[in-house]
Every structure is written in structure tokens, then in C-alpha cells.
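**Student:** If it helps, the file is called coords01.txt and holds compact mmCIF, C-alpha atoms:
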# COMPACT_ATOMS: atom_id res chain seq x y z
CA MET A 31 0.00 0.00 0.00
CA LYS A 32 1.08 3.58 -0.58
CA TRP A 33 2.01 5.70 2.41
CA THR A 34 0.28 9.01 3.03
CA ASP A 35 1.64 12.11 4.74
CA ASP A 36 -0.87 11.91 7.61
CA ARG A 37 0.32 11.09 11.14
CA SER A 38 -1.67 10.85 14.37
CA GLY A 39 -0.59 12.13 17.77
CA ASN A 40 -2.73 9.47 19.48
CA VAL A 41 -0.09 6.72 19.37
CA ASP A 42 1.67 5.76 22.60
CA ASP A 43 4.81 3.79 21.68
CA ARG A 44 5.96 1.87 24.75
CA ARG A 45 8.39 -0.41 22.94
CA GLY A 46 11.89 -0.29 24.31
CA SER A 47 10.75 1.22 27.60
CA GLY A 48 11.29 -1.98 29.58
CA GLY A 49 8.75 -4.39 31.03
CA GLY A 50 8.56 -6.60 34.05
CA GLY A 51 6.15 -7.70 36.70
CA ALA A 52 3.84 -10.66 36.39
CA ILE A 53 2.97 -12.22 33.08
CA VAL A 54 -0.41 -13.68 33.89
CA GLY A 55 -2.61 -16.31 32.37
CA GLY A 56 -1.41 -19.08 30.14
CA GLY A 57 -2.64 -21.57 27.58
CA LEU A 58 -4.65 -21.06 24.42
CA GLY A 59 -7.96 -21.58 26.19
CA THR A 60 -7.29 -18.84 28.73
CA ILE A 61 -6.16 -16.43 26.04
CA ILE A 62 -9.29 -17.05 23.95
CA ILE A 63 -11.59 -16.60 26.94
CA ALA A 64 -9.84 -13.40 27.96
CA ALA A 65 -10.04 -12.08 24.41
CA ILE A 66 -13.79 -12.73 24.34
CA VAL A 67 -14.19 -10.78 27.56
CA PHE A 68 -12.22 -7.88 26.07
CA PHE A 69 -14.30 -7.82 22.91
CA LEU A 70 -17.56 -7.88 24.89
CA GLY A 71 -16.50 -4.92 26.97
CA GLY A 72 -15.62 -6.72 30.20
CA ASP A 73 -12.56 -6.87 32.41
CA PRO A 74 -10.43 -9.99 31.80
CA SER A 75 -7.97 -9.30 34.63
CA ALA A 76 -9.58 -11.86 36.93
CA ILE A 77 -9.27 -14.55 34.28
CA LEU A 78 -5.73 -13.63 33.32
CA SER A 79 -4.42 -13.42 36.89
CA SER A 80 -4.93 -17.13 37.44
CA GLY A 81 -1.67 -18.16 35.77
CA GLY A 82 0.75 -16.62 38.20
CA ASN A 83 3.80 -16.92 35.93
CA SER A 84 6.41 -14.20 36.14
CA ALA A 85 9.03 -12.78 33.83
CA PRO A 86 12.23 -10.83 34.46
CA ARG A 87 12.25 -7.09 33.91
CA THR A 88 13.71 -6.11 30.56
CA GLU A 89 16.23 -3.32 30.07
CA GLN A 90 15.32 -0.12 28.31
CA ARG A 91 16.72 0.13 24.81
CA GLU A 92 16.69 2.30 21.72
CA LEU A 93 14.35 1.27 18.93
CA ASN A 94 16.08 0.23 15.72
CA GLN A 95 15.38 1.79 12.34
CA ASN A 96 12.88 -0.87 11.32
CA GLU A 97 10.95 -0.45 14.59
CA LEU A 98 10.89 3.32 14.13
CA GLN A 99 9.49 2.86 10.62
CA VAL A 100 6.80 0.54 11.99
CA GLY A 101 5.91 3.25 14.49
CA GLU A 102 5.53 5.77 11.68
CA PHE A 103 3.32 3.35 9.78
CA ILE A 104 1.05 2.85 12.81
CA LYS A 105 0.79 6.63 13.24
CA MET A 106 -0.23 6.88 9.60
CA ILE A 107 -2.89 4.15 9.81
CA THR A 108 -4.21 5.67 13.05
CA ALA A 109 -4.54 9.04 11.33
CA GLU A 110 -6.39 7.51 8.38
CA ASN A 111 -8.80 5.79 10.77
CA GLU A 112 -9.41 9.07 12.59
CA GLU A 113 -10.09 10.99 9.39
CA THR A 114 -12.36 8.34 7.90
CA TRP A 115 -14.44 7.71 11.01
CA THR A 116 -14.75 11.42 11.73
CA LYS A 117 -16.34 11.79 8.29
CA ILE A 118 -18.60 8.72 8.59
CA PHE A 119 -19.87 9.86 11.99
CA ALA A 120 -20.40 13.43 10.75
CA ASP A 121 -22.31 12.16 7.71
CA ASN A 122 -24.65 10.39 10.15
CA GLY A 123 -25.09 13.34 12.50
CA MET A 124 -22.65 12.16 15.17
CA ARG A 125 -19.30 13.25 16.60
CA TYR A 126 -16.37 10.84 16.54
CA GLN A 127 -14.01 10.52 19.52
CA PRO A 128 -10.63 9.08 18.43
CA ALA A 129 -9.11 6.06 20.14
CA LYS A 130 -5.55 5.85 21.39
CA VAL A 131 -3.20 3.20 19.98
CA VAL A 132 -0.62 1.64 22.31
CA LEU A 133 2.39 -0.15 20.83
CA PHE A 134 4.11 -2.48 23.30
CA GLU A 135 6.28 -5.57 23.51
CA SER A 136 5.73 -8.59 25.80
CA GLN A 137 3.35 -6.89 28.23
CA THR A 138 2.00 -3.58 29.46
CA GLN A 139 -0.80 -2.23 31.60
CA SER A 140 -4.16 -1.35 30.08
CA GLY A 141 -7.45 -0.08 31.44
CA CYS A 142 -8.68 -3.67 31.19
CA GLY A 143 -5.79 -5.27 33.10
CA THR A 144 -2.42 -6.60 32.03
CA ALA A 145 -1.95 -6.74 28.25
CA GLN A 146 0.21 -9.55 26.91
CA SER A 147 1.63 -10.21 23.46
CA ALA A 148 0.09 -13.72 23.59
CA MET A 149 -3.38 -12.16 23.51
CA GLY A 150 -2.88 -10.58 20.11
CA PRO A 151 -4.13 -7.08 19.22
CA PHE A 152 -7.19 -6.02 21.21
CA TYR A 153 -9.39 -3.06 22.05
CA CYS A 154 -9.97 -2.03 25.67
CA PRO A 155 -13.24 -0.11 26.08
CA ALA A 156 -12.31 1.03 29.60
CA ASP A 157 -9.58 3.37 28.29
CA GLN A 158 -10.74 3.46 24.64
CA SER A 159 -7.39 2.19 23.40
CA VAL A 160 -6.13 -0.35 20.88
CA TYR A 161 -3.18 -2.45 22.12
CA MET A 162 -0.74 -3.88 19.58
CA ASP A 163 2.34 -6.06 19.99
CA MET A 164 3.77 -6.35 16.49
CA SER A 165 5.06 -9.88 17.16
CA PHE A 166 1.46 -11.01 16.53
CA PHE A 167 2.04 -10.64 12.81
CA GLN A 168 4.91 -13.15 12.88
CA GLU A 169 2.52 -15.66 14.44
CA LEU A 170 -0.16 -14.81 11.90
CA GLN A 171 2.25 -15.77 9.14
CA GLN A 172 4.07 -18.67 10.76
CA LYS A 173 1.24 -20.40 12.63
CA PHE A 174 -1.87 -19.49 10.67
CA GLY A 175 -0.55 -19.30 7.12
CA ALA A 176 -1.34 -15.69 6.24
CA LYS A 177 1.08 -13.69 4.13
CA VAL A 178 1.66 -10.49 6.09
CA THR A 179 1.85 -7.21 4.18
CA GLU A 180 1.51 -3.61 5.29
CA PHE A 181 -2.17 -3.75 4.45
CA THR A 182 -2.54 -6.87 6.60
CA ILE A 183 -1.47 -4.72 9.54
CA ALA A 184 -3.83 -1.97 8.37
CA TYR A 185 -6.73 -4.46 8.29
CA VAL A 186 -6.03 -5.70 11.83
CA MET A 187 -5.82 -2.12 13.07
CA ALA A 188 -9.06 -1.25 11.30
CA HIS A 189 -10.76 -4.28 12.87
CA GLU A 190 -9.75 -3.14 16.35
CA MET A 191 -10.86 0.41 15.51
CA GLY A 192 -14.14 -1.21 14.52
CA HIS A 193 -14.52 -2.31 18.15
CA HIS A 194 -13.94 1.31 19.17
CA VAL A 195 -16.76 2.37 16.84
CA GLN A 196 -18.95 -0.28 18.46
CA ASN A 197 -18.07 1.15 21.86
CA LEU A 198 -18.96 4.69 20.80
CA LEU A 199 -22.26 3.51 19.31
CA GLY A 200 -23.18 1.59 22.46
CA THR A 201 -22.93 -1.88 20.90
CA LEU A 202 -20.28 -3.17 23.31
CA GLY A 203 -22.29 -1.88 26.27
CA LYS A 204 -25.33 -3.85 25.12
CA THR A 205 -23.39 -7.07 24.59
CA ASP A 206 -21.77 -6.66 27.99
CA GLN A 207 -25.23 -6.34 29.58
CA LEU A 208 -26.24 -9.60 27.91
CA ARG A 209 -23.16 -11.33 29.25
CA ARG A 210 -23.59 -9.98 32.77
CA SER A 211 -27.30 -10.86 32.93
CA GLY A 212 -26.53 -14.57 33.24
CA LYS A 213 -29.64 -15.36 31.20
CA TYR A 214 -27.85 -16.76 28.20
CA SER A 215 -25.95 -19.99 27.64
CA GLU A 216 -22.32 -20.15 26.59
CA GLU A 217 -23.39 -21.14 23.10
CA GLU A 218 -25.74 -18.16 22.86
CA MET A 219 -23.05 -15.75 24.06
CA ASN A 220 -20.64 -17.26 21.55
CA ARG A 221 -23.10 -16.31 18.80
CA VAL A 222 -23.22 -12.75 20.17
CA SER A 223 -19.41 -12.69 20.13
CA VAL A 224 -19.37 -13.85 16.49
CA ALA A 225 -21.79 -11.08 15.51
CA THR A 226 -19.60 -8.56 17.36
CA GLU A 227 -16.43 -9.68 15.59
CA LEU A 228 -17.97 -9.87 12.14
CA GLN A 229 -19.34 -6.35 12.53
CA ALA A 230 -15.81 -5.17 13.34
CA ASP A 231 -14.67 -6.88 10.11
CA PHE A 232 -17.46 -5.04 8.26
CA TYR A 233 -16.27 -1.74 9.74
CA ALA A 234 -12.70 -2.57 8.65
CA GLY A 235 -13.90 -3.04 5.08
CA LEU A 236 -15.92 0.18 5.28
CA TRP A 237 -12.82 2.00 6.50
CA ALA A 238 -10.77 0.61 3.61
CA ARG A 239 -13.37 1.82 1.08
CA TYR A 240 -13.65 5.36 2.46
CA SER A 241 -9.93 5.78 3.06
CA ASN A 242 -8.96 4.55 -0.39
CA GLU A 243 -11.46 6.88 -2.03
CA ARG A 244 -9.76 9.75 -0.22
CA GLU A 245 -6.09 8.71 -0.38
CA LYS A 246 -5.87 6.18 -3.26
CA PHE A 247 -3.47 4.12 -1.15
CA LEU A 248 -4.52 0.61 -2.19
CA GLU A 249 -2.19 -1.26 -4.52
CA PRO A 250 -2.72 -4.57 -6.36
CA GLY A 251 -2.90 -7.43 -3.86
CA ASP A 252 -3.73 -5.30 -0.82
CA LEU A 253 -7.37 -6.32 -0.49
CA GLU A 254 -6.40 -9.93 -1.10
CA SER A 255 -3.89 -9.79 1.77
CA ALA A 256 -6.57 -8.43 4.11
CA VAL A 257 -8.99 -11.18 3.08
CA GLU A 258 -6.27 -13.80 3.53
CA ALA A 259 -5.61 -12.52 7.06
CA ALA A 260 -9.34 -12.52 7.85
CA GLU A 261 -9.63 -16.10 6.64
CA ALA A 262 -6.51 -17.17 8.56
CA VAL A 263 -8.02 -16.09 11.89
CA GLY A 264 -11.40 -17.65 11.20
CA ASP A 265 -12.46 -19.98 14.01
CA ASP A 266 -12.59 -23.01 11.73
CA ASN A 267 -9.02 -22.48 10.51
CA ILE A 268 -7.69 -21.89 14.03
CA GLN A 269 -9.49 -24.97 15.38
CA LYS A 270 -8.26 -27.18 12.55
CA ARG A 271 -4.69 -26.10 13.15
CA SER A 272 -4.84 -26.27 16.96
CA GLN A 273 -7.06 -29.30 17.65
CA GLY A 274 -7.56 -31.02 14.32
CA TYR A 275 -11.34 -30.65 14.14
CA VAL A 276 -14.02 -27.93 14.02
CA ASN A 277 -16.72 -27.29 16.63
CA GLN A 278 -19.02 -24.60 15.26
CA GLU A 279 -20.85 -24.13 18.58
CA SER A 280 -17.63 -22.86 20.13
CA PHE A 281 -16.99 -20.24 17.43
CA THR A 282 -16.38 -16.77 18.90
CA HIS A 283 -15.09 -14.79 15.90
CA GLY A 284 -16.76 -16.39 12.88
CA SER A 285 -15.64 -18.79 10.19
CA SER A 286 -13.06 -17.91 7.56
CA ALA A 287 -15.84 -17.56 4.98
CA GLN A 288 -17.88 -15.27 7.26
CA ARG A 289 -14.92 -13.03 8.03
CA LYS A 290 -14.15 -12.62 4.34
CA GLU A 291 -17.84 -12.05 3.55
CA TRP A 292 -18.35 -9.26 6.07
CA PHE A 293 -15.06 -7.49 5.36
CA MET A 294 -15.88 -7.42 1.65
CA LYS A 295 -19.49 -6.38 2.36
CA GLY A 296 -18.17 -3.34 4.22
CA TYR A 297 -15.79 -2.53 1.38
CA ASN A 298 -18.26 -3.08 -1.46
CA SER A 299 -21.31 -1.43 0.14
CA GLY A 300 -19.67 1.69 1.56
CA ASP A 301 -22.75 1.98 3.76
CA ILE A 302 -22.51 1.71 7.55
CA LYS A 303 -26.21 0.82 7.71
CA GLN A 304 -25.47 -2.49 5.95
CA GLY A 305 -23.40 -3.76 8.90
CA ASP A 306 -26.10 -5.07 11.25
CA THR A 307 -24.60 -8.52 11.83
CA PHE A 308 -26.73 -9.02 14.95
CA ASN A 309 -30.10 -9.07 13.18
CA GLN A 310 -28.73 -11.27 10.45
CA LEU A 311 -26.91 -13.79 12.65
CA LEU A 312 -29.01 -13.93 15.81
CA ARG A 313 -32.43 -14.67 14.34
Would you mind writing the file out in C-alpha cells?
**Tutor:**
Amino acid sequence: MKWTDDRSGNVDDRRGSGGGGAIVGGGLGTIIIAAIVFFLGGDPSAILSSGGNSAPRTEQRELNQNELQVGEFIKMITAENEETWTKIFADNGMRYQPAKVVLFESQTQSGCGTAQSAMGPFYCPADQSVYMDMSFFQELQQKFGAKVTEFTIAYVMAHEMGHHVQNLLGTLGKTDQLRRSGKYSEEEMNRVSVATELQADFYAGLWARYSNEREKFLEPGDLESAVEAAEAVGDDNIQKRSQGYVNQESFTHGSSAQRKEWFMKGYNSGDIKQGDTFNQLLR
């Protein structure tokens, strides 16, 4: 993808600042559960604190040239999200409040508890921030078979910004109320989680459409790389690779086909009103 000249001041780069303290949680199951809680607007700290593992404090260091360039890229993508969502909200009679983006390595503190690289990128509604450890993209390529490009990173960022949009629109608050009510089974809440994640994919596609119309930054293969990443983190693909079989009732993010479908629906429609995954999936 082509770089633009836009940069955001809402990026907090904590890489190289040192870490330390307890690395909590452990195991794929714990990470998935904690991620679900994050996406539904809850506080996963109680779940994550059960592991009790610790790690030595790391020394502060200077970021290398490649890391600095990555930081500039994240500032650019953050700025493009801010500009696009400000326009979409204004077109619909609303005011957009930008999210902060936190770059970290290994672990850091968030408004939702301790953030770990093992959790992957996530959005914390408590402090309205997106947390990103860039090592996730190595795993995406090595473990899940996605070819990582700059636009792959842009798609993941846009997906997490989609959760911020859901928070501003009250969607995360409603799903959190459902979860806290205790009235719904695990399977039913999994379906709510799938609808939440697929809507964030829709918003990512919508962002790509609006931003490209403004900046003309898409190059051949960019959309394909985003779709490939979306398919790679589909529940069916992850389950096949991790346990050798697929259990649809335990899906929390949607199948590979669903993630591709909703990302492309956002991109092709260009209409935020077409993104009601809840009515379509929870009938």
C-alpha cells in the first residue's frame, strides 16, 4: 500500500521502555476466553491473573530503524482511521471521539488489566485504546498461514478500531449487559461474540473503502492480503490447526468464509447501515 503524509498524535509507543512484573494467564484456552471478555466490553484481569507466571524485567533500549518505521506506519494508519471515522460519523449526525493506539512488547498495563503479546491485538473499552504487539504478525504468518503485508497490519488495526466504533455507538455496552445478565448460555453468548467480531470486520472493510477513495493508497494485492488474514483467523481455521477438528458451537469470531464475507461487504457497500450482523446472525 502507498504511504500518506498523515500522522496521528494518538499513538503511545511503549516499545523499548522496559517491562517486568507478572505475566499472567497461560494456555490457548485462557487467552481465547480473555479475548472474548475484552471484545464484549468486560474486564479480563480476573481470568488472566490465574496463571501466576512471572518474567524478568527487561532493560530499556533504543528502537532500531525498522521499529521506528513501523511506528511511523502505525501513526499513519491511526490518522487515516481518525479521518475516515470522523467523516462517517459526521455524515450520520454524530461526533467521533478518536481512540488511542498503544504499541508495546511482551506486556504492558491497560485499562482492562495486564496486556500480553500472547493475547494478540485487542481493544480495551475502559480506556478506549487499541493495544498492539507487532510480534502477533509473525505468528499470523508462521502459525496461521497468512502472508503479512503492510495492508494486513492496516486491516487488523481497522478491525480493532471497529470495536472502538462499536463502543462509541453503544454496541459493546449492550453485549456486555447480555453477558452480565446470566440469562444466556455459553453457546448463545458465543453467537453474540461472532456477531460482534464480524461487525468489526465489516467496519474494517468500510474504513478501507472510504480511506482509499480519499487517499488512493490501495495497490494490487492489498485487499487480497486483508482477506487472507481474515480467513486465517477464522475460528474453523484456528481450530483445525490447533485441535484437528471444528466445533461450530464454540466459534467466537466467525468462520473464515464469514470473516471474508463481512469485510468485503463493508468494502463493497460503503454503507454503515449495511453492517447489522446481529439481526442477520441472531435470528
**Student:** Would you kindly identify which residues have an atom no farther than 12 Å from (-18.0, 6.2, 21.1), using only C-alpha atoms and the file's own coordinates, and write them out as a PyMOL selection string?
**Tutor:** chain A and resi 115-116+119+124-129+155-159+191-203
**Student:** Compile the contact shell of Asn242 of chain A as a list in words: residues with an atom at most 12 Å away, counting only C-alpha atoms, same-chain residues fewer than 3 positions apart removed.
**Tutor:**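 That gives Met31, Lys32, Trp33, Thr34, Ile107, Glu110, Asn111, Glu113, Thr114, Phe181, Gly235, Leu236, Trp237, Ala238, Arg239, Glu245, Lys246, Phe247, Leu248, Glu249, Asp252, Leu253, Tyr297 and Gly300 of chain A.
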**Student:** Compare A:Ala287, A:Val178, A:Met164, A:Ala260 by their minimum atom-to-atom distance to Gln146 of chain A, counting all atoms listed in the file, and give me the closest one.
**Tutor:**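 Nearest to Gln146 of chain A: A:Met164.
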**Student:** Counting all atoms listed in the file, which residue out of A:Gln229, A:Thr179, A:Leu208, A:Glu218 sits closest to Lys303 of chain A?
**Tutor:**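 Under the stated criterion, the closest residue is A:Gln229.
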**Student:** Please indicate the distance in Å from atom CA of Phe293 of chain A to atom CA of Tyr233 of chain A, rounded to one decimal place.
**Tutor:**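 Going from atom CA of Phe293 of chain A over to atom CA of Tyr233 of chain A covers 7.3 Å.
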**Student:** For the atom pair atom CA of Asp266 of chain A and atom CA of Ser285 of chain A, what is the interatomic distance in Å to one decimal place?
**Tutor:**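 Going from atom CA of Asp266 of chain A over to atom CA of Ser285 of chain A covers 5.4 Å.
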**Student:** Tell me which protein, DNA and RNA residues are within 7 Å of Gly150 of chain A, counting only C-alpha atoms, leaving out same-chain ones fewer than 3 positions away, and put them as number ranges by chain.
**Tutor:** A: 147, 163, 166
**Student:** How many Å separate atom CA of Thr182 of chain A from atom CA of Ala256 of chain A?
**Tutor:**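 Distance reported for this atom pair: 5.0 Å.
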**Student:** As an MDAnalysis selection string, please: the residues near Lys173 of chain A (cut-off 10 Å, only C-alpha atoms, same-chain neighbours under 5 positions excluded).
**Tutor:** chainID A and resid 167:168 262 268 271:272
**Student:** Using all atoms listed in the file, which protein or nucleic acid residues come within 8 Å of Phe308 of chain A? Drop anything in the same chain fewer than 6 positions from it, and give the result as a ChimeraX atom specification.
**Tutor:** /A:222,225-226
**Student:** Using all atoms of segment 291-310 of chain A listed in the file and a margin of 5 Å per side, can you give the axis-aligned box centre and edge lengths in Å to one decimal, as lines of an AutoDock Vina configuration file?
**Tutor:**
center_x = -22.6
center_y = -5.0
center_z = 6.7
size_x = 25.0
size_y = 24.0
size_z = 26.4
**Student:** Within 12 Å of Val276 of chain A, counting all atoms listed in the file, which residues show up once you throw out same-chain ones fewer than 6 positions away? Write them as an MDAnalysis selection string, please.
**Tutor:** chainID A and resid 264:270 284:286
**Student:** Quick one: of A:Val224, A:Ala176, A:Ala188, A:Ile104, who's nearest to Ser241 of chain A, counting all atoms listed in the file?
**Tutor:**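 Of all the options, A:Ala188 lies closest to Ser241 of chain A.
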**Student:** From the options A:Lys204, A:Arg244, A:Lys117, A:His283, which residue's atoms come nearest to Ala230 of chain A, counting only C-alpha atoms?
**Tutor:**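 Checking each of A:Lys204, A:Arg244, A:Lys117, A:His283 against Ala230 of chain A, counting only C-alpha atoms, the winner is A:His283.
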**Student:** Would you mind putting N, CA and C atoms back on segment 291-307 of chain A and writing the result as a CSV table (one decimal), in the coordinates of the input?
**Tutor:**
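So the final result, stored in rebuild19.csv, reads:
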chain,number,residue,atom,x,y,z
A,291,GLU,N,-16.6,-12.6,4.0
A,291,GLU,CA,-17.8,-12.0,3.6
A,291,GLU,C,-18.1,-10.7,4.1
A,292,TRP,N,-18.0,-10.5,5.4
A,292,TRP,CA,-18.4,-9.3,6.1
A,292,TRP,C,-17.3,-8.2,5.8
A,293,PHE,N,-16.0,-8.5,5.7
A,293,PHE,CA,-15.1,-7.5,5.4
A,293,PHE,C,-15.4,-6.9,4.0
A,294,MET,N,-15.6,-7.8,3.0
A,294,MET,CA,-15.9,-7.4,1.6
A,294,MET,C,-17.2,-6.7,1.5
A,295,LYS,N,-18.2,-7.1,2.4
A,295,LYS,CA,-19.5,-6.4,2.4
A,295,LYS,C,-19.3,-4.9,2.8
A,296,GLY,N,-18.5,-4.7,3.8
A,296,GLY,CA,-18.2,-3.3,4.2
A,296,GLY,C,-17.5,-2.6,3.1
A,297,TYR,N,-16.5,-3.2,2.4
A,297,TYR,CA,-15.8,-2.5,1.4
A,297,TYR,C,-16.7,-2.3,0.2
A,298,ASN,N,-17.5,-3.2,-0.2
A,298,ASN,CA,-18.3,-3.1,-1.5
A,298,ASN,C,-19.5,-2.2,-1.3
A,299,SER,N,-20.1,-2.2,-0.1
A,299,SER,CA,-21.3,-1.4,0.1
A,299,SER,C,-21.0,0.0,0.4
A,300,GLY,N,-20.0,0.3,1.2
A,300,GLY,CA,-19.7,1.7,1.6
A,300,GLY,C,-20.8,2.3,2.4
A,301,ASP,N,-21.6,1.5,3.0
A,301,ASP,CA,-22.8,2.0,3.8
A,301,ASP,C,-22.8,1.4,5.2
A,302,ILE,N,-22.6,2.2,6.2
A,302,ILE,CA,-22.5,1.7,7.6
A,302,ILE,C,-23.8,1.0,8.0
A,303,LYS,N,-24.9,1.4,7.3
A,303,LYS,CA,-26.2,0.8,7.7
A,303,LYS,C,-26.3,-0.6,7.3
A,304,GLN,N,-25.4,-1.1,6.4
A,304,GLN,CA,-25.5,-2.5,6.0
A,304,GLN,C,-24.7,-3.5,6.9
A,305,GLY,N,-24.2,-2.9,8.0
A,305,GLY,CA,-23.4,-3.8,8.9
A,305,GLY,C,-24.1,-4.3,10.1
A,306,ASP,N,-25.4,-4.5,10.1
A,306,ASP,CA,-26.1,-5.1,11.2
A,306,ASP,C,-26.0,-6.6,11.3
A,307,THR,N,-24.8,-7.1,11.7
A,307,THR,CA,-24.6,-8.5,11.8
A,307,THR,C,-25.5,-9.2,12.9
